[in-house]
file start-v1.cif (mmCIF, C-alpha atoms and all ligand atoms)
data_query
loop_
_atom_site.label_atom_id
_atom_site.label_comp_id
_atom_site.auth_asym_id
_atom_site.auth_seq_id
_atom_site.Cartn_x
_atom_site.Cartn_y
_atom_site.Cartn_z
CA MET A 1 27.31 79.81 41.14
CA ARG A 2 29.89 77.06 41.11
CA PHE A 3 32.59 79.69 41.56
CA GLY A 4 30.60 81.20 44.46
CA LEU A 5 30.30 77.87 46.21
CA SER A 6 34.00 77.26 45.79
CA THR A 7 34.73 80.64 47.28
CA ALA A 8 32.45 79.94 50.22
CA TYR A 9 34.11 76.57 50.68
CA ALA A 10 37.54 78.14 50.44
CA LEU A 11 36.52 80.77 53.01
CA ALA A 12 35.26 78.04 55.33
CA LEU A 13 38.59 76.30 54.97
CA VAL A 14 40.44 79.50 55.73
CA THR A 15 38.22 80.14 58.78
CA GLY A 16 38.70 76.54 59.86
CA ALA A 17 42.41 76.79 59.21
CA SER A 18 42.74 79.67 61.64
CA ALA A 19 41.00 77.80 64.48
CA ALA A 20 41.75 74.10 64.13
CA PRO A 21 45.55 74.13 63.97
CA SER A 22 45.86 76.32 67.09
CA THR A 23 43.76 73.78 69.05
CA VAL A 24 45.95 70.99 67.77
CA THR A 25 49.04 73.03 68.55
CA ALA A 26 47.84 73.66 72.11
CA ARG A 27 47.43 69.91 72.64
CA GLN A 28 50.75 69.11 70.97
CA ASN A 29 52.45 71.73 73.10
CA SER A 30 51.14 70.35 76.39
CA PRO A 31 54.13 68.99 78.28
CA PHE A 32 51.91 66.58 80.23
CA ASN A 33 50.28 63.22 80.19
CA THR A 34 47.33 63.72 82.51
CA ALA A 35 45.76 61.04 84.71
CA ALA A 36 42.59 62.00 86.60
CA ILE A 37 42.47 60.14 89.92
CA THR A 38 39.15 61.21 91.46
CA ASP A 39 37.13 64.31 92.31
CA PHE A 40 36.28 66.24 95.46
CA ALA A 41 33.97 68.83 96.94
CA GLU A 42 35.99 72.06 96.75
CA PRO A 43 39.45 70.59 97.38
CA TRP A 44 42.05 72.99 98.77
CA ALA A 45 45.28 71.17 99.61
CA LEU A 46 47.01 67.80 99.48
CA ALA A 47 49.83 66.01 101.27
CA PHE A 48 51.49 62.65 100.62
CA LEU A 49 51.73 59.92 103.24
CA PRO A 50 54.95 57.83 103.28
CA ASP A 51 53.05 55.03 101.49
CA ASN A 52 52.13 57.52 98.68
CA ARG A 53 48.48 57.69 99.64
CA ILE A 54 47.26 61.29 99.65
CA LEU A 55 45.44 63.43 102.19
CA VAL A 56 43.14 66.00 100.56
CA THR A 57 41.33 68.79 102.38
CA GLU A 58 37.88 69.91 101.29
CA LYS A 59 36.92 73.46 102.09
CA ARG A 60 33.74 72.68 104.06
CA GLY A 61 35.81 70.71 106.56
CA GLN A 62 36.28 67.16 105.28
CA LEU A 63 39.66 65.44 105.30
CA ARG A 64 39.85 62.70 102.67
CA LEU A 65 42.39 59.92 102.14
CA VAL A 66 42.95 58.74 98.58
CA ASP A 67 44.78 55.70 97.29
CA PRO A 68 45.92 56.77 93.80
CA ASN A 69 46.31 53.14 92.67
CA THR A 70 42.78 51.97 93.51
CA LYS A 71 41.24 55.50 93.45
CA ALA A 72 39.49 54.55 96.73
CA LYS A 73 38.54 57.60 98.76
CA GLY A 74 38.08 57.40 102.54
CA THR A 75 37.32 59.88 105.30
CA ILE A 76 39.38 61.00 108.27
CA THR A 77 37.10 62.15 111.10
CA GLY A 78 37.90 64.60 113.89
CA VAL A 79 38.61 67.79 111.90
CA PRO A 80 37.62 70.83 114.02
CA SER A 81 34.56 72.78 112.94
CA VAL A 82 35.63 75.25 110.25
CA ARG A 83 34.14 78.60 109.30
CA TYR A 84 33.17 78.05 105.66
CA GLY A 85 32.48 81.01 103.36
CA GLY A 86 34.21 83.26 100.86
CA GLN A 87 37.90 82.31 100.85
CA GLY A 88 37.56 80.70 104.29
CA GLY A 89 37.18 77.08 105.30
CA PHE A 90 39.43 74.07 105.69
CA GLY A 91 42.83 75.01 104.30
CA ASP A 92 46.19 73.32 104.26
CA VAL A 93 47.53 69.97 105.48
CA ALA A 94 51.17 69.00 106.08
CA LEU A 95 52.98 66.06 107.65
CA HIS A 96 55.50 66.55 110.42
CA PRO A 97 58.96 65.77 108.97
CA ARG A 98 59.18 62.85 111.47
CA PHE A 99 55.62 61.66 110.75
CA SER A 100 56.82 58.04 110.47
CA GLU A 101 57.76 58.20 114.17
CA ASN A 102 55.11 60.54 115.62
CA ASN A 103 52.10 60.34 113.23
CA LEU A 104 51.59 64.09 113.59
CA ILE A 105 49.86 66.10 110.90
CA TYR A 106 49.21 69.84 110.84
CA ILE A 107 46.11 71.49 109.44
CA SER A 108 45.01 75.09 108.91
CA TYR A 109 41.47 76.40 108.75
CA ALA A 110 39.30 79.45 109.29
CA GLU A 111 37.51 79.45 112.65
CA ALA A 112 34.71 81.64 113.94
CA GLY A 113 35.03 83.63 117.16
CA THR A 114 34.62 87.00 118.83
CA GLY A 115 35.08 89.67 116.19
CA GLY A 116 34.48 87.47 113.15
CA SER A 117 36.86 84.81 111.92
CA GLY A 118 40.56 84.06 111.69
CA ALA A 119 42.99 81.37 110.64
CA ALA A 120 44.09 78.67 113.06
CA VAL A 121 46.72 75.94 112.82
CA ALA A 122 46.26 72.69 114.74
CA ARG A 123 48.29 69.53 115.05
CA ALA A 124 46.86 66.08 115.62
CA ARG A 125 47.76 62.41 115.61
CA LEU A 126 46.60 60.69 112.43
CA VAL A 127 45.27 57.21 113.23
CA LEU A 128 44.44 55.19 110.11
CA ASN A 129 42.29 52.09 109.98
CA THR A 130 42.38 49.12 107.64
CA SER A 131 39.44 50.24 105.49
CA GLY A 132 41.04 53.37 104.06
CA GLY A 133 39.76 55.85 106.64
CA GLY A 134 40.74 57.01 110.09
CA ALA A 135 40.58 59.76 112.67
CA LEU A 136 42.46 62.74 114.04
CA GLN A 137 43.23 62.38 117.75
CA ASN A 138 44.59 64.84 120.34
CA VAL A 139 43.74 67.81 118.14
CA GLU A 140 45.57 70.81 119.59
CA VAL A 141 45.43 74.38 118.24
CA ILE A 142 49.01 75.66 118.28
CA TRP A 143 48.64 79.03 116.49
CA ARG A 144 45.97 81.56 115.66
CA GLN A 145 45.78 84.82 113.77
CA SER A 146 46.05 87.42 116.52
CA GLN A 147 42.73 89.12 115.83
CA LYS A 148 39.50 87.86 114.34
CA VAL A 149 37.89 90.26 111.89
CA ASN A 150 34.79 90.42 109.73
CA GLY A 151 34.94 89.27 106.14
CA ASP A 152 36.03 86.04 104.54
CA GLY A 153 39.13 87.02 102.55
CA HIS A 154 42.91 86.63 102.66
CA PHE A 155 43.45 83.93 105.26
CA ALA A 156 46.24 82.41 103.11
CA HIS A 157 47.29 79.96 105.91
CA ARG A 158 49.75 77.74 104.02
CA ILE A 159 51.89 75.57 106.31
CA LEU A 160 55.35 74.24 105.56
CA PHE A 161 58.14 72.50 107.47
CA ASP A 162 61.83 72.98 106.87
CA SER A 163 64.45 70.26 107.30
CA ASN A 164 64.90 71.27 110.98
CA SER A 165 61.22 70.62 111.77
CA THR A 166 60.64 74.36 112.07
CA LEU A 167 57.08 75.30 111.14
CA TRP A 168 56.37 78.12 108.68
CA ILE A 169 52.92 79.67 108.24
CA SER A 170 51.88 82.25 105.66
CA SER A 171 49.37 84.55 107.33
CA GLY A 172 47.18 86.71 105.08
CA GLU A 173 46.22 90.29 105.96
CA ARG A 174 42.46 89.51 106.02
CA GLN A 175 41.77 92.53 103.75
CA GLN A 176 42.70 94.80 106.67
CA PHE A 177 45.74 96.47 104.99
CA ASP A 178 47.64 98.24 107.83
CA PRO A 179 48.05 95.22 110.16
CA ALA A 180 50.55 93.89 107.60
CA GLN A 181 52.93 96.63 108.86
CA SER A 182 52.08 96.34 112.58
CA MET A 183 54.23 94.24 114.90
CA THR A 184 51.31 93.87 117.33
CA SER A 185 49.45 91.83 114.69
CA ASN A 186 50.40 88.60 112.95
CA LEU A 187 48.24 89.37 109.91
CA GLY A 188 50.14 89.92 106.66
CA LYS A 189 53.23 88.09 107.94
CA ILE A 190 55.44 85.07 107.36
CA ILE A 191 55.44 83.21 110.70
CA ARG A 192 58.21 80.91 112.00
CA LEU A 193 57.55 78.60 114.97
CA ASN A 194 58.72 75.43 116.64
CA ASP A 195 56.64 72.35 115.84
CA ASP A 196 54.63 72.83 119.09
CA GLY A 197 53.68 76.41 118.19
CA THR A 198 56.18 78.14 120.48
CA VAL A 199 58.38 80.88 119.02
CA ALA A 200 61.44 79.53 117.21
CA ALA A 201 64.88 80.65 118.35
CA GLY A 202 66.52 83.15 116.03
CA ASN A 203 63.46 85.09 114.89
CA PRO A 204 64.32 88.73 114.09
CA PHE A 205 61.68 90.61 116.12
CA THR A 206 60.52 90.79 119.75
CA GLY A 207 57.16 91.18 121.49
CA THR A 208 54.29 88.82 122.23
CA VAL A 209 53.14 88.65 118.63
CA GLY A 210 56.17 90.17 116.91
CA SER A 211 58.43 87.34 118.09
CA GLN A 212 56.50 84.92 115.80
CA VAL A 213 57.33 87.01 112.74
CA TRP A 214 60.05 86.20 110.19
CA ALA A 215 58.96 88.71 107.52
CA LEU A 216 56.17 91.27 107.12
CA GLY A 217 54.25 93.39 104.64
CA VAL A 218 52.65 90.56 102.64
CA ARG A 219 49.06 90.56 101.40
CA ASN A 220 47.52 87.16 100.55
CA PRO A 221 50.48 84.77 100.56
CA LEU A 222 48.94 81.53 99.31
CA GLY A 223 52.16 79.68 98.53
CA ILE A 224 55.51 79.10 100.23
CA ASP A 225 58.33 76.65 99.50
CA PHE A 226 62.06 76.27 99.98
CA ASP A 227 64.55 75.87 97.16
CA GLU A 228 67.44 73.42 97.33
CA GLN A 229 69.67 76.12 98.85
CA GLY A 230 67.19 76.53 101.73
CA ARG A 231 65.88 79.89 100.50
CA LEU A 232 62.18 80.54 101.08
CA TRP A 233 60.03 81.64 98.13
CA GLU A 234 56.50 83.02 98.45
CA VAL A 235 53.68 83.78 96.00
CA GLU A 236 50.93 86.19 96.91
CA MET A 237 47.77 87.49 95.34
CA GLY A 238 48.29 91.20 94.98
CA PRO A 239 45.83 93.96 94.22
CA MET A 240 44.86 94.70 90.58
CA GLY A 241 47.98 94.02 88.52
CA GLY A 242 50.21 93.14 91.46
CA ASP A 243 50.56 89.38 91.99
CA GLU A 244 54.06 88.65 93.31
CA LEU A 245 56.80 86.06 93.62
CA ASN A 246 59.05 87.04 96.53
CA LEU A 247 62.31 85.74 97.94
CA ILE A 248 61.71 85.90 101.70
CA GLU A 249 64.53 87.26 103.84
CA LYS A 250 64.84 87.21 107.60
CA GLY A 251 63.29 90.44 108.92
CA GLY A 252 62.33 91.55 105.41
CA ASN A 253 59.48 94.01 104.84
CA TYR A 254 57.69 93.46 101.51
CA GLY A 255 55.85 96.77 101.64
CA TRP A 256 52.13 95.93 101.61
CA PRO A 257 49.98 98.07 101.73
CA ILE A 258 52.39 101.01 101.25
CA VAL A 259 53.85 99.92 97.92
CA SER A 260 52.84 97.46 95.21
CA GLN A 261 53.34 97.04 91.46
CA GLY A 262 49.54 97.01 91.24
CA ASN A 263 46.71 99.36 92.15
CA HIS A 264 43.64 98.98 94.37
CA TYR A 265 40.69 97.23 92.72
CA ASP A 266 38.66 100.46 92.95
CA GLY A 267 41.33 102.12 90.77
CA ARG A 268 43.14 104.12 93.45
CA PRO A 269 46.87 104.07 92.71
CA ILE A 270 49.45 102.51 95.04
CA PRO A 271 53.04 103.78 94.77
CA ASN A 272 55.37 101.34 93.00
CA HIS A 273 58.19 99.53 94.75
CA ASN A 274 60.84 101.78 93.19
CA THR A 275 59.53 104.75 95.22
CA ARG A 276 60.45 103.07 98.52
CA PRO A 277 63.67 101.03 98.25
CA GLU A 278 63.52 100.10 101.96
CA PHE A 279 60.79 97.61 101.06
CA ILE A 280 61.88 94.43 99.26
CA ALA A 281 60.55 94.30 95.70
CA PRO A 282 59.17 91.10 94.17
CA LYS A 283 61.45 88.96 91.98
CA ALA A 284 58.57 88.63 89.51
CA PHE A 285 55.12 90.22 89.33
CA TRP A 286 52.10 89.82 87.09
CA ASN A 287 49.93 92.42 85.39
CA PRO A 288 47.45 91.19 84.35
CA VAL A 289 47.29 88.96 87.38
CA ILE A 290 47.47 85.16 87.38
CA SER A 291 45.92 84.65 90.87
CA PRO A 292 48.59 82.36 92.33
CA SER A 293 47.11 79.74 94.68
CA SER A 294 50.23 77.76 95.66
CA VAL A 295 53.86 77.23 94.70
CA ILE A 296 56.50 74.54 94.72
CA ILE A 297 60.15 74.82 93.86
CA TYR A 298 60.61 71.73 91.68
CA LYS A 299 63.20 69.30 93.09
CA GLY A 300 62.54 66.18 91.02
CA ASP A 301 64.17 64.49 88.03
CA LEU A 302 61.08 63.57 86.01
CA PHE A 303 60.80 67.04 84.43
CA ARG A 304 64.54 67.24 83.96
CA ASN A 305 64.85 70.85 82.83
CA TRP A 306 62.55 72.20 85.52
CA ARG A 307 64.71 71.53 88.55
CA GLY A 308 64.92 74.70 90.67
CA ASN A 309 62.01 76.33 88.84
CA ALA A 310 59.01 77.72 90.69
CA ILE A 311 55.83 75.95 89.59
CA ILE A 312 52.87 78.14 90.49
CA SER A 313 49.27 76.96 90.43
CA ALA A 314 46.94 79.67 89.22
CA LEU A 315 43.22 80.30 89.59
CA GLY A 316 42.74 83.14 87.09
CA ALA A 317 45.36 81.85 84.65
CA GLN A 318 43.71 78.39 84.86
CA GLY A 319 46.84 76.29 84.87
CA LEU A 320 50.47 76.28 85.92
CA VAL A 321 52.98 79.09 85.55
CA ARG A 322 56.62 77.99 85.40
CA VAL A 323 59.19 80.52 86.55
CA GLU A 324 62.92 80.08 86.00
CA ILE A 325 65.06 81.18 88.92
CA THR A 326 68.66 82.16 88.22
CA GLY A 327 70.53 83.34 91.29
CA ASN A 328 68.42 86.15 92.70
CA THR A 329 66.37 86.74 89.55
CA ALA A 330 63.19 85.11 88.33
CA ARG A 331 61.29 85.25 85.07
CA GLU A 332 58.21 83.52 83.71
CA ALA A 333 59.30 80.83 81.26
CA GLN A 334 56.07 79.01 80.42
CA ARG A 335 52.34 79.12 81.01
CA ILE A 336 50.57 75.78 80.77
CA SER A 337 46.81 75.84 80.45
CA LEU A 338 44.91 73.11 82.27
CA GLY A 339 41.54 74.59 81.33
CA ARG A 340 40.36 75.09 84.91
CA ARG A 341 41.20 77.16 87.96
CA ILE A 342 43.99 75.26 89.78
CA ARG A 343 43.98 75.37 93.58
CA CYS A 344 47.13 73.51 94.52
CA VAL A 345 50.27 71.93 93.03
CA ARG A 346 52.57 69.46 94.81
CA GLN A 347 55.47 67.24 93.76
CA GLY A 348 55.19 63.49 94.35
CA SER A 349 58.12 61.34 95.46
CA ASP A 350 58.62 60.16 91.83
CA GLY A 351 58.82 63.76 90.58
CA ALA A 352 55.33 63.81 89.05
CA LEU A 353 53.23 66.95 89.56
CA TRP A 354 49.92 66.54 91.34
CA VAL A 355 47.33 69.27 91.07
CA LEU A 356 43.90 69.96 92.48
CA GLU A 357 41.32 71.72 90.38
CA ASP A 358 39.34 74.37 92.26
CA GLY A 359 35.68 74.31 93.21
CA ALA A 360 32.84 71.79 93.12
CA GLY A 361 33.94 68.54 91.50
CA GLY A 362 37.58 69.63 91.41
CA ARG A 363 39.73 66.70 90.36
CA LEU A 364 43.06 65.40 91.56
CA LEU A 365 45.31 65.11 88.49
CA LYS A 366 48.70 63.43 88.16
CA LEU A 367 50.88 65.11 85.53
CA THR A 368 53.86 63.29 84.02
CA PRO A 369 56.00 64.22 81.00
CA ARG A 370 54.54 63.38 77.60
C1 LIG B 1 37.58 53.72 109.28
O1 LIG B 1 37.39 55.13 109.51
C2 LIG B 1 36.28 55.67 108.86
C3 LIG B 1 36.25 57.16 109.18
O2 LIG B 1 36.38 57.36 110.56
C4 LIG B 1 35.00 54.97 109.27
O3 LIG B 1 33.92 55.50 108.55
C5 LIG B 1 35.12 53.48 109.02
O4 LIG B 1 33.99 52.81 109.52
C6 LIG B 1 36.37 52.95 109.70
N1 LIG B 1 36.53 51.53 109.40
C7 LIG B 1 36.84 50.63 110.36
C8 LIG B 1 36.99 49.20 109.89
O5 LIG B 1 36.98 50.92 111.53
C1 LIG B 2 68.62 74.21 110.02
O1 LIG B 2 69.52 74.46 111.07
C2 LIG B 2 70.87 74.64 110.66
C3 LIG B 2 71.72 74.75 111.91
O2 LIG B 2 71.21 75.71 112.80
C4 LIG B 2 70.94 75.88 109.78
O3 LIG B 2 72.27 76.08 109.31
C5 LIG B 2 70.01 75.69 108.59
O4 LIG B 2 69.98 76.88 107.82
C6 LIG B 2 68.61 75.37 109.05
N1 LIG B 2 67.78 75.06 107.92
C7 LIG B 2 66.74 75.83 107.56
C8 LIG B 2 65.99 75.38 106.37
O5 LIG B 2 66.42 76.81 108.19
#
call {"tool": "encode", "arguments": {"input": "start-v1.cif", "output": "structure tokens"}}
result
Amino acid sequence: MRFGLSTAYALALVTGASAAPSTVTARQNSPFNTAAITDFAEPWALAFLPDNRILVTEKRGQLRLVDPNTKAKGTITGVPSVRYGGQGGFGDVALHPRFSENNLIYISYAEAGTGGSGAAVARARLVLNTSGGGALQNVEVIWRQSQKVNGDGHFAHRILFDSNSTLWISSGERQQFDPAQSMTSNLGKIIRLNDDGTVAAGNPFTGTVGSQVWALGVRNPLGIDFDEQGRLWEVEMGPMGGDELNLIEKGGNYGWPIVSQGNHYDGRPIPNHNTRPEFIAPKAFWNPVISPSSVIIYKGDLFRNWRGNAIISALGAQGLVRVEITGNTAREAQRISLGRRIRCVRQGSDGALWVLEDGAGGRLLKLTPR
């Protein structure tokens, strides 16, 4: 009896030993100190003002302004009516590179219209008041997806400026497949425009819609960022087993929906990239998928060894995926669980990482080195 109890106790210890240390190890291995600032209703994107306050979009169409020091949360009125549902709603927000002079911000969102819905990008003057809120004025739509279609998937609609104030938009293929290869559609493309929405000089293609296009054949490109050499990196949600990190080249065709490292979700195969070398293959891909929701190329000093790495926020993988980039090659170096689907990652001016959790009650977290 005594022996039996001891055995049971020993077994319990063994069982406990296999679970407890791994939990402790996971915590000890976290590279972050985490500060939760405040929460939101389905946050999607964030952008820093010059005074380090933060604009946060909420998918149903609210634009919020947060002071991370006081945690006060105000509202910016004047956002256009958004088409909310599925993957659609209020999307990205970005400041014009000369925001301090012109107060212009750019927003992307899904809008309803003839044929269904489509992504739009607008610019507006941000006018702040003294009580932590404000309004958008002179809202002007400067770009739209070229056709509205039924369904609520694959808008993507990330917006990014380069150092020349050129505007880049990632346009998803709206689950329509073939338009990603058509130069009469801007679905499934990387778009390059002037800051007023006109076509930028030097784009590789011609035609009413084609002249907007920098690269084609992308699926659901939810993240874009430049590295310190000025190269553009993109992450996209692929089909089953085919999430991608791509290095975007002028005029490049990335092959969707003709080739992919993954297969359709109904199991139908898609030929791999190596069958069609004329399409540019990803620098890294994921099977099983991670569901990348945004990307930055880290340019700070706070996480000293991460400079030049791609930091990918992930929905399915519920955290951050760090990818080391060496020349033209990329490989996953670390996967950091944050225990929730992560919608967006951005770098603050001090080098800290700021992330938004996905969904109802999603929090804004500031991550600094432990
Ligand atoms: C500031 O803007 C917000 C949102 O438009 C508004 O609710 C608030 O009343 C404004 N405060 C002042 C002092 O105008
Ligand atoms: C900005 O313009 C300069 C001069 O045309 C060019 O060399 C540089 O590559 C551009 N930067 C980006 C990020 O496109």
call {"tool": "atom_distance", "arguments": {"input": "start-v1.cif", "atom1": "atom CA of Gly202 of chain A", "atom2": "atom CA of Glu173 of chain A"}}
result
23.8 Å
call {"tool": "residues_near_ligand", "arguments": {"input": "start-v1.cif", "ligand": "ligand LIG 2 (chain B)", "cutoff": "6 Å", "atoms": "all atoms listed in the file", "output": "mmCIF file with C-alpha atoms, in the coordinates of the input"}}
result
data_model
loop_
_atom_site.group_PDB
_atom_site.id
_atom_site.type_symbol
_atom_site.label_atom_id
_atom_site.label_comp_id
_atom_site.auth_asym_id
_atom_site.auth_seq_id
_atom_site.Cartn_x
_atom_site.Cartn_y
_atom_site.Cartn_z
ATOM 1 C CA ASP A 162 61.830 72.980 106.870
ATOM 2 C CA SER A 163 64.450 70.260 107.300
ATOM 3 C CA ASN A 164 64.900 71.270 110.980
ATOM 4 C CA GLY A 230 67.190 76.530 101.730
#
call {"tool": "residues_near_ligand", "arguments": {"input": "start-v1.cif", "ligand": "ligand LIG 1 (chain B)", "cutoff": "10 Å", "atoms": "all atoms listed in the file", "output": "number ranges by chain"}}
result
A: 63-65, 74-78, 127-136
call {"tool": "atom_distance", "arguments": {"input": "start-v1.cif", "atom1": "atom CA of Arg60 of chain A", "atom2": "atom CA of Gly85 of chain A"}}
result
8.5 Å
call {"tool": "axis_aligned_box", "arguments": {"input": "start-v1.cif", "around": "segment 89-95 of chain A", "padding_each_side": "6 Å", "output": "lines of an AutoDock Vina configuration file"}}
result
center_x = 45.1
center_y = 71.6
center_z = 106.0
size_x = 27.8
size_y = 23.0
size_z = 15.4
call {"tool": "closest_atom_pairs", "arguments": {"input": "start-v1.cif", "of": "segment 56-156 of chain A", "to": "segment 292-297 of chain A", "cutoff": "12 Å", "atoms": "only C-alpha atoms", "output": "tab-separated table"}}
result
residue	atom	partner	partner_atom	distance
A:Gln87	CA	A:Ser293	CA	11.4
A:Gly91	CA	A:Ser293	CA	11.5
A:Asp92	CA	A:Ser294	CA	10.5
A:His154	CA	A:Ser293	CA	11.3
A:Phe155	CA	A:Ser293	CA	12.0
A:Ala156	CA	A:Ser293	CA	8.9
call {"tool": "residues_around", "arguments": {"input": "start-v1.cif", "residues": "segment 145-153 of chain A", "least_positions_apart": "3", "cutoff": "12 Å", "atoms": "only C-alpha atoms", "output": "VMD selection string"}}
result
chain A and resid 83 to 89 108 to 121 141 to 142 156 to 157 169 to 177 179 to 180 182 to 191 208 to 210 212 to 213 219 to 222 237
call {"tool": "closest_atom_pairs", "arguments": {"input": "start-v1.cif", "of": "segment 333-369 of chain A", "to": "segment 29-47 of chain A", "cutoff": "8 Å", "atoms": "only C-alpha atoms", "output": "Markdown table"}}
result
| residue | atom | partner | partner_atom | distance |
| --- | --- | --- | --- | --- |
| A:Ile336 | CA | A:Ser30 | CA | 7.0 |
| A:Arg343 | CA | A:Trp44 | CA | 6.0 |
| A:Cys344 | CA | A:Ala45 | CA | 5.9 |
| A:Arg346 | CA | A:Leu46 | CA | 7.4 |
| A:Leu356 | CA | A:Pro43 | CA | 6.6 |
| A:Glu357 | CA | A:Pro43 | CA | 7.3 |
| A:Asp358 | CA | A:Glu42 | CA | 6.1 |
| A:Gly359 | CA | A:Glu42 | CA | 4.2 |
| A:Ala360 | CA | A:Glu42 | CA | 4.8 |
| A:Gly361 | CA | A:Phe40 | CA | 5.1 |
| A:Gly362 | CA | A:Asp39 | CA | 5.4 |
| A:Arg363 | CA | A:Asp39 | CA | 4.0 |
| A:Leu364 | CA | A:Ile37 | CA | 5.5 |
| A:Leu365 | CA | A:Ala36 | CA | 4.5 |
| A:Lys366 | CA | A:Ala35 | CA | 5.1 |
| A:Leu367 | CA | A:Thr34 | CA | 4.9 |
| A:Thr368 | CA | A:Asn33 | CA | 5.2 |
| A:Pro369 | CA | A:Phe32 | CA | 4.8 |
call {"tool": "closest_residue", "arguments": {"input": "start-v1.cif", "among": "A:Trp306, A:Tyr298, A:Tyr254, A:Phe205", "to": "Val218 of chain A", "atoms": "all atoms listed in the file"}}
result
A:Tyr254
call {"tool": "atom_distance", "arguments": {"input": "start-v1.cif", "atom1": "atom CA of Ile342 of chain A", "atom2": "atom CA of Glu236 of chain A"}}
result
14.8 Å
call {"tool": "closest_residue", "arguments": {"input": "start-v1.cif", "among": "A:Leu247, A:Ser260, A:Val235, A:Arg307", "to": "Ser291 of chain A", "atoms": "only C-alpha atoms"}}
result
A:Val235
call {"tool": "closest_residue", "arguments": {"input": "start-v1.cif", "among": "A:Glu324, A:Glu332, A:Glu244, A:Glu234", "to": "Phe285 of chain A", "atoms": "only C-alpha atoms"}}
result
A:Glu244
